[in-house]
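Data first, discussion second: the structure below is written as structure tokens.
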Amino acid sequence: MIRAHIEELVGQSLNYLKRDGELASDLEAEVTVERTRDPSHGDFACNIAMTLARPARRNPREIAELIRKRLPASRRLEKVEIAGPGFLNFFMTRKARLGVVREILAEGEQFGRQPSGSGPSVTVEFVSANPTGPLHVGHGRGAAYGASLASILDAAGYQVQREYYVNDCGRQMDILAVSVWMRYLELCGEPAGFPANGYRGDYVYEIARQLRSDQGDDLRHPAFEVSRDLPPDGEEGDPEAHVDALVDRARTLLGAELYQACFKAALDAMVDDIREDLTAFGVNFDTWFSELGLQQSGALQRAIDRLQDQGWLYEKDGARWFKASELGDDKDRVVVRENGRTTYFASDLAYLLDKLDRGYDRALYIFGADHHGYIPRLKAAARGLGESPDRLEFQLVQFAVLYRGGKKLQMSTRSGEFVKLRELREEVGNDAARYFYVMRSHEQHLDFDLDLARAESNENPVYYIQYAHARIHSVFRQLEKTDMRHNAAIGEVALDRLEQDHEEALIRSVSRYPEILELAARQRSPHVVAHYLYELAGQFHAYYNAHQFLVDDEHLRNARLNLVWAVRQVLANALSLLGVSAPEEM
């Protein structure tokens with residue numbers, strides 16, 4: 001990559017200057033080279049002279065001149081100029097600029113990618129929605145962001161492991177299980193009154209029907225026996241107390257084995273549904289990590305014992321508490337309740353310790369914006385466990401709001417009134433959904449316009465980008481109908497015939513692709529790739545509309561075909577990172 005080459009040249013120049021005493025040997029500064037916005041200022045610029053001016057107590061232009069004079073020779077650079085207060089502007093030779101076309105055609109799908117394993121290792125956890133209902137469009141943004149970011153990190157050389165944390169135990173799963181049981185009883189002709197805080201979606205009926213088919217009447221009990229002496233529900237009672245009492249009643253009446261059968265039917269159905277939905281969305285995981293497995297493996301107790309050994313637990317009101325407030329959290333956290341049951345936070349502790357014990361350099365959590373409180377909580381947990389919180393990273397994905405016909409659509413899992421991710425995919429297609437979810441920064445709220453996502457016009461950004469890719473294929477289909485052929489070797493020799501402004505702009509843009517990947521990985525921002533794709537597509541459409549590719553001049557024709565095929569390759573490479581297809585026809 002030319003930018004890295006220039007950074008190396010500047011670093012060598014600084015070493016020469018320090019060695020010869022022209023700069024102090026203890027001067028330290030990071031050499032960063034950025035692409036210029038205005039080509040008249042060169043291809044790349046470096047501000048190292050201004051960074052060194054204060055510690056060196058010298059004029060930055062004077063330092064820039066010293067660096068320029070001691071730069072090693074490079075066949076890729078035509079000249080180096082000093083501009084403004086002390087910028088070093090680097091002008092590439094035309095041959096070096098054109099060389100990117102040759103490089104793209106040679107590397108194909110690998111263009112822009114760094115060697116696998118050249119970066120740090122990272123486990124990326126994302127989505128991890130409770131398996132209490134189907135995924136809705138709110139989950140979709142976290143899924144698209146997480147999958148795209150994992151692919152970008154992988155392309156940037158990171159060793160990436162993708163993980164879904166399945167909350168397969170705890171109170172919400174018990175509420176789902178009892179919701180299924182109540183629908184099962186209705187199917188048996190024993191309606192016992194559905195709890196106000198139960199899960200009400202149609203999917204609960206579907207699970208109940210399958211449960212009835214599998215278990216027959218084994219789970220059937222008279223309605224009066226189920227509802228007898230329960231705390232009042234609804235507005236006149238306490239819905240939370242009512243549903244908790246109903247869970248206890250289910251455990252008592254069904255017994256451990258049959259209650260587990262009901263629980264497992266609900267869990268398996270929902271995990272299978274979520275897995276199928278995500279797979280169809282192009283989102284795959286290396287590991288589906290079970291919260292229940294933390295208890296069964298002893299990991300939960302190991303984490304609690306670690307806190308105890310580190311002196312961070314204390315007893316209060318019959319419960320065991322973690323001194324989280326002393327380690328950066330806003331309050332202390334209960335780890336074991338007075339009834340002896342562990343808390344959700346205890347599972348979070350065990351899961352965190354398990355992640356770090358697996359040896360990843362970094363554990364990246366991708367949460368919804370409403371989980372911001374987890375950041376100080378988990379960092380405090382890492383400190384309490386004797387681990388460095390610097391190994392933890394958090395990205396918060398803001399909410400996505402769906403609009404159809406200008407009307408905002410509501411989402412609520414418990415009420416069952418929500419738009420499923422599956423429905424969104426069916427309405428706008430995977431490509432539009434994946435692109436729209438990441439075309440804005442994950443740190444910004446997203447208004448998802450269904451009407452725009454469905455539109456087959458240039459106003460729809462994903463259509464606009466895919467159309468550029470398809471247009472390039474159409475050029476080669478047109479070529480097949482003529483007596484002309486694409487000779488890539490001739491095109492390579494004739495690249496210097498690419499002198500039009502549109503051609504220069506495209507060459508400059510495709511050469512930026514490796515830097516775009518690096519930037520997107522560093523900033524954890526897939527939208528950087530989405531914006532780049534839109535810009536590159538726009539430049540190609542302008543080129544297509546202004547120039548003929550299948551010209552009689554053999555050298556010019558093949559040079560242009562090489563260029564547009566390189567553009568096609570970059571479009572396809574970048575689209576694949578976002579989980580968007582690159583169609584040959586539209």
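Order determines the names: the first chain of the structure tokens is A, the second B, and so forth; residues in each chain are numbered 1 upward, and ligands are numbered 1 upward as they are shown.
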Show me a table, sorted first by chain and then by increasing residue number, of the residues of range 351-388 of chain A having an atom at most 12 Å from range 308-319 of chain A, each with its shortest atom pair and the distance in Å to one decimal, counting only C-alpha atoms and written as a tab-separated table.
```
residue	atom	partner	partner_atom	distance
A:Ala380	CA	A:Trp312	CA	10.5
A:Ala381	CA	A:Trp312	CA	9.8
A:Ala382	CA	A:Gln310	CA	11.6
A:Arg383	CA	A:Gln310	CA	9.8
A:Gly384	CA	A:Trp312	CA	6.4
A:Leu385	CA	A:Gln310	CA	7.1
A:Gly386	CA	A:Gln310	CA	7.5
A:Glu387	CA	A:Gln310	CA	11.2
```
How would the residues just picked look written out with N, CA, C and O atoms as an mmCIF file, in the first residue's frame?
```cif
data_model
loop_
_atom_site.group_PDB
_atom_site.id
_atom_site.type_symbol
_atom_site.label_atom_id
_atom_site.label_comp_id
_atom_site.auth_asym_id
_atom_site.auth_seq_id
_atom_site.Cartn_x
_atom_site.Cartn_y
_atom_site.Cartn_z
ATOM 1 N N ALA A 380 -16.028 -2.747 35.551
ATOM 2 C CA ALA A 380 -15.822 -2.989 36.985
ATOM 3 C C ALA A 380 -15.664 -4.485 37.247
ATOM 4 O O ALA A 380 -14.831 -4.909 38.053
ATOM 5 N N ALA A 381 -16.457 -5.283 36.526
ATOM 6 C CA ALA A 381 -16.366 -6.732 36.684
ATOM 7 C C ALA A 381 -14.980 -7.228 36.286
ATOM 8 O O ALA A 381 -14.391 -8.088 36.967
ATOM 9 N N ALA A 382 -14.451 -6.709 35.179
ATOM 10 C CA ALA A 382 -13.115 -7.129 34.737
ATOM 11 C C ALA A 382 -12.073 -6.800 35.806
ATOM 12 O O ALA A 382 -11.208 -7.643 36.128
ATOM 13 N N ARG A 383 -12.165 -5.605 36.362
ATOM 14 C CA ARG A 383 -11.205 -5.226 37.407
ATOM 15 C C ARG A 383 -11.340 -6.150 38.611
ATOM 16 O O ARG A 383 -10.338 -6.590 39.192
ATOM 17 N N GLY A 384 -12.582 -6.428 38.999
ATOM 18 C CA GLY A 384 -12.811 -7.285 40.148
ATOM 19 C C GLY A 384 -12.301 -8.697 39.936
ATOM 20 O O GLY A 384 -11.870 -9.367 40.882
ATOM 21 N N LEU A 385 -12.327 -9.159 38.693
ATOM 22 C CA LEU A 385 -11.846 -10.502 38.370
ATOM 23 C C LEU A 385 -10.336 -10.544 38.163
ATOM 24 O O LEU A 385 -9.777 -11.601 37.868
ATOM 25 N N GLY A 386 -9.706 -9.371 38.288
ATOM 26 C CA GLY A 386 -8.262 -9.309 38.123
ATOM 27 C C GLY A 386 -7.817 -9.231 36.683
ATOM 28 O O GLY A 386 -6.666 -9.546 36.360
ATOM 29 N N GLU A 387 -8.722 -8.810 35.796
ATOM 30 C CA GLU A 387 -8.424 -8.693 34.373
ATOM 31 C C GLU A 387 -8.379 -7.217 33.975
ATOM 32 O O GLU A 387 -8.956 -6.360 34.641
#
```
Give one line per residue of range 5-59 of chain A that approaches range 89-112 of chain A to at most 12 Å, naming the two atoms of the closest pair and their distance in Å to one decimal, counting only C-alpha atoms; sort by chain then ascending residue number and deliver it as CSV.
```
residue,atom,partner,partner_atom,distance
A:His5,CA,A:Phe90,CA,11.4
A:Ile6,CA,A:Phe90,CA,8.2
A:Glu7,CA,A:Phe90,CA,10.9
A:Leu9,CA,A:Phe90,CA,11.1
A:Val10,CA,A:Phe90,CA,10.9
A:Val33,CA,A:Phe90,CA,9.5
A:Glu34,CA,A:Asn89,CA,9.8
A:Arg35,CA,A:Phe90,CA,9.3
A:Thr36,CA,A:Asn89,CA,8.3
A:Arg37,CA,A:Asn89,CA,11.6
A:Asp38,CA,A:Asn89,CA,11.0
A:Pro39,CA,A:Phe91,CA,8.8
A:Ser40,CA,A:Phe91,CA,9.1
A:His41,CA,A:Asn89,CA,6.4
A:Gly42,CA,A:Phe91,CA,4.5
A:Asp43,CA,A:Phe91,CA,5.3
A:Phe44,CA,A:Phe90,CA,5.1
A:Ala45,CA,A:Asn89,CA,4.5
A:Cys46,CA,A:Asn89,CA,6.7
A:Asn47,CA,A:Asn89,CA,9.1
A:Ile48,CA,A:Asn89,CA,11.3
A:Ala49,CA,A:Asn89,CA,11.6
```
Between CA of Ala265 in chain A and CA of Gly198 in chain A, what is the spacing in Å?
16.4 Å
Considering only C-alpha atoms, return as an mmCIF file with N, CA and C atoms, in the first residue's frame whatever protein or nucleic-acid residues lie within 6 Å of range 490-507 of chain A, sequence-local ones (same chain, fewer than 4 positions apart) excluded.
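Listed below is the output, around-v6.cif:
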```
data_model
loop_
_atom_site.group_PDB
_atom_site.id
_atom_site.type_symbol
_atom_site.label_atom_id
_atom_site.label_comp_id
_atom_site.auth_asym_id
_atom_site.auth_seq_id
_atom_site.Cartn_x
_atom_site.Cartn_y
_atom_site.Cartn_z
ATOM 1 N N TYR A 543 -18.764 8.374 -15.607
ATOM 2 C CA TYR A 543 -17.831 7.911 -16.636
ATOM 3 C C TYR A 543 -18.582 7.197 -17.754
ATOM 4 N N HIS A 555 -5.981 -0.183 -28.147
ATOM 5 C CA HIS A 555 -5.265 0.109 -26.915
ATOM 6 C C HIS A 555 -6.150 0.877 -25.931
ATOM 7 N N ASN A 558 -9.035 -1.502 -24.570
ATOM 8 C CA ASN A 558 -8.626 -2.465 -23.554
ATOM 9 C C ASN A 558 -8.189 -1.800 -22.258
ATOM 10 N N ALA A 559 -7.602 -0.619 -22.359
ATOM 11 C CA ALA A 559 -7.246 0.113 -21.139
ATOM 12 C C ALA A 559 -8.507 0.474 -20.366
ATOM 13 N N ASN A 562 -10.029 -2.628 -18.810
ATOM 14 C CA ASN A 562 -9.286 -2.990 -17.603
ATOM 15 C C ASN A 562 -9.724 -2.133 -16.426
#
```
Hey, what's within 12 Å of Glu426 in chain A if we count only C-alpha atoms and toss same-chain stuff fewer than 5 positions away? As a PyMOL selection string, please?
chain A and resi 277+280-281+419-421+431-433+450+453-454
Range 269-348 of chain A: residues DSSP assigns to strand (DSSP E), reported as a ChimeraX atom specification
/A:287-290,313-316,319-322,333-336
Range 152-163 of chain A surroundings by only C-alpha atoms, 8 Å radius, close-in-sequence under 5 positions cut, as a list in words:
Gly112, Arg113, Gln114, Pro115, Ser116, Gly117, Ser118, Gly119, Pro120, Ser121, Val122, Thr123, Val124, Glu125, Phe126, Asn284, Phe285, Asp286, Thr287, Trp288, Phe289, Leu517, Glu518, Ala520, Ala521, Pro526 and Leu577 of chain A
Could you write out that same residue set with N, CA and C atoms as an mmCIF file, in the first residue's frame?
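Written file, selection17.cif:
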```cif
data_model
loop_
_atom_site.group_PDB
_atom_site.id
_atom_site.type_symbol
_atom_site.label_atom_id
_atom_site.label_comp_id
_atom_site.auth_asym_id
_atom_site.auth_seq_id
_atom_site.Cartn_x
_atom_site.Cartn_y
_atom_site.Cartn_z
ATOM 1 N N GLY A 112 -7.227 -5.291 -1.311
ATOM 2 C CA GLY A 112 -7.621 -4.504 -0.155
ATOM 3 C C GLY A 112 -7.496 -5.237 1.159
ATOM 4 N N ARG A 113 -7.443 -6.561 1.108
ATOM 5 C CA ARG A 113 -7.390 -7.353 2.325
ATOM 6 C C ARG A 113 -5.965 -7.440 2.856
ATOM 7 N N GLN A 114 -5.844 -7.464 4.172
ATOM 8 C CA GLN A 114 -4.561 -7.683 4.825
ATOM 9 C C GLN A 114 -4.385 -9.178 5.096
ATOM 10 N N PRO A 115 -3.150 -9.649 5.227
ATOM 11 C CA PRO A 115 -2.933 -11.084 5.495
ATOM 12 C C PRO A 115 -3.704 -11.545 6.731
ATOM 13 N N SER A 116 -4.331 -12.689 6.632
ATOM 14 C CA SER A 116 -5.104 -13.226 7.747
ATOM 15 C C SER A 116 -4.215 -13.428 8.966
ATOM 16 N N GLY A 117 -4.660 -12.949 10.105
ATOM 17 C CA GLY A 117 -3.892 -13.096 11.332
ATOM 18 C C GLY A 117 -2.852 -12.029 11.552
ATOM 19 N N SER A 118 -2.772 -11.041 10.648
ATOM 20 C CA SER A 118 -1.780 -9.976 10.816
ATOM 21 C C SER A 118 -2.215 -8.951 11.860
ATOM 22 N N GLY A 119 -3.484 -8.984 12.225
ATOM 23 C CA GLY A 119 -4.004 -8.073 13.239
ATOM 24 C C GLY A 119 -4.296 -8.808 14.532
ATOM 25 N N PRO A 120 -4.826 -8.117 15.518
ATOM 26 C CA PRO A 120 -5.135 -8.751 16.803
ATOM 27 C C PRO A 120 -6.308 -9.723 16.688
ATOM 28 N N SER A 121 -6.455 -10.576 17.689
ATOM 29 C CA SER A 121 -7.593 -11.487 17.736
ATOM 30 C C SER A 121 -8.718 -10.827 18.523
ATOM 31 N N VAL A 122 -9.957 -11.060 18.071
ATOM 32 C CA VAL A 122 -11.098 -10.425 18.719
ATOM 33 C C VAL A 122 -12.306 -11.340 18.632
ATOM 34 N N THR A 123 -13.030 -11.469 19.733
ATOM 35 C CA THR A 123 -14.316 -12.146 19.722
ATOM 36 C C THR A 123 -15.399 -11.075 19.690
ATOM 37 N N VAL A 124 -16.283 -11.188 18.730
ATOM 38 C CA VAL A 124 -17.315 -10.169 18.520
ATOM 39 C C VAL A 124 -18.666 -10.782 18.872
ATOM 40 N N GLU A 125 -19.287 -10.265 19.916
ATOM 41 C CA GLU A 125 -20.615 -10.729 20.301
ATOM 42 C C GLU A 125 -21.644 -9.707 19.842
ATOM 43 N N PHE A 126 -22.647 -10.161 19.104
ATOM 44 C CA PHE A 126 -23.681 -9.226 18.654
ATOM 45 C C PHE A 126 -25.021 -9.937 18.505
ATOM 46 N N ASN A 284 -24.086 -15.050 10.153
ATOM 47 C CA ASN A 284 -23.723 -16.359 10.692
ATOM 48 C C ASN A 284 -22.760 -16.196 11.865
ATOM 49 N N PHE A 285 -22.802 -17.180 12.748
ATOM 50 C CA PHE A 285 -21.973 -17.143 13.952
ATOM 51 C C PHE A 285 -21.101 -18.381 14.027
ATOM 52 N N ASP A 286 -19.919 -18.210 14.588
ATOM 53 C CA ASP A 286 -19.037 -19.342 14.830
ATOM 54 C C ASP A 286 -19.493 -20.118 16.061
ATOM 55 N N THR A 287 -20.067 -19.395 17.023
ATOM 56 C CA THR A 287 -20.457 -20.007 18.293
ATOM 57 C C THR A 287 -21.804 -19.463 18.757
ATOM 58 N N TRP A 288 -22.665 -20.383 19.190
ATOM 59 C CA TRP A 288 -23.893 -20.011 19.906
ATOM 60 C C TRP A 288 -23.639 -20.417 21.356
ATOM 61 N N PHE A 289 -23.361 -19.421 22.188
ATOM 62 C CA PHE A 289 -22.893 -19.679 23.550
ATOM 63 C C PHE A 289 -24.084 -19.715 24.505
ATOM 64 N N LEU A 517 -10.930 0.399 3.977
ATOM 65 C CA LEU A 517 -11.075 -0.765 4.849
ATOM 66 C C LEU A 517 -10.369 -0.548 6.180
ATOM 67 N N GLU A 518 -9.165 -0.023 6.109
ATOM 68 C CA GLU A 518 -8.399 0.226 7.333
ATOM 69 C C GLU A 518 -9.132 1.219 8.231
ATOM 70 N N ALA A 520 -12.409 1.966 8.224
ATOM 71 C CA ALA A 520 -13.649 1.377 8.726
ATOM 72 C C ALA A 520 -13.372 0.421 9.878
ATOM 73 N N ALA A 521 -12.290 -0.345 9.769
ATOM 74 C CA ALA A 521 -11.919 -1.273 10.845
ATOM 75 C C ALA A 521 -11.489 -0.503 12.094
ATOM 76 N N PRO A 526 -18.843 0.454 9.628
ATOM 77 C CA PRO A 526 -19.184 -0.043 8.295
ATOM 78 C C PRO A 526 -19.762 1.028 7.375
ATOM 79 N N LEU A 577 -18.552 -7.307 1.922
ATOM 80 C CA LEU A 577 -18.296 -7.034 3.338
ATOM 81 C C LEU A 577 -19.553 -6.567 4.045
#
```
DSSP on the backbone, alpha helix (DSSP H) only: what residues of range 251-439 of chain A does that give? Format it as a PyMOL selection string.
chain A and resi 251-280+291-296+299-309+344-357+374-384+421-428+430-438
What lies within 12 Å of Asp390 in chain A using only C-alpha atoms, ignoring chain neighbours under 5 positions off, as a PyMOL selection string?
chain A and resi 356+361-364+375+378-380+382-383
Tell me, as a list in words, which residues lie within 12 Å of Lys407 in chain A, counting only C-alpha atoms; anything in the same chain fewer than 6 positions away does not count.
Val401, Asp447, Phe448, Asp449, Leu450 and Asp451 of chain A
Minimum-distance residue to Arg557 in chain A, chosen among A:Tyr360, A:Asn339, A:Phe224, A:Phe476 (using only C-alpha atoms):
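Among A:Tyr360, A:Asn339, A:Phe224, A:Phe476, it is A:Phe476 that comes nearest to Arg557 in chain A.
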One residue among A:Phe394, A:Phe540, A:Trp181, A:Tyr145 is nearest to Arg212 in chain A when using only C-alpha atoms, and that residue is A:Trp181
Distance of CA of Glu65 in chain A from CA of Arg19 in chain A, expressed in Å to one decimal place
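Between CA of Arg19 in chain A and CA of Glu65 in chain A the gap is 16.9 Å.
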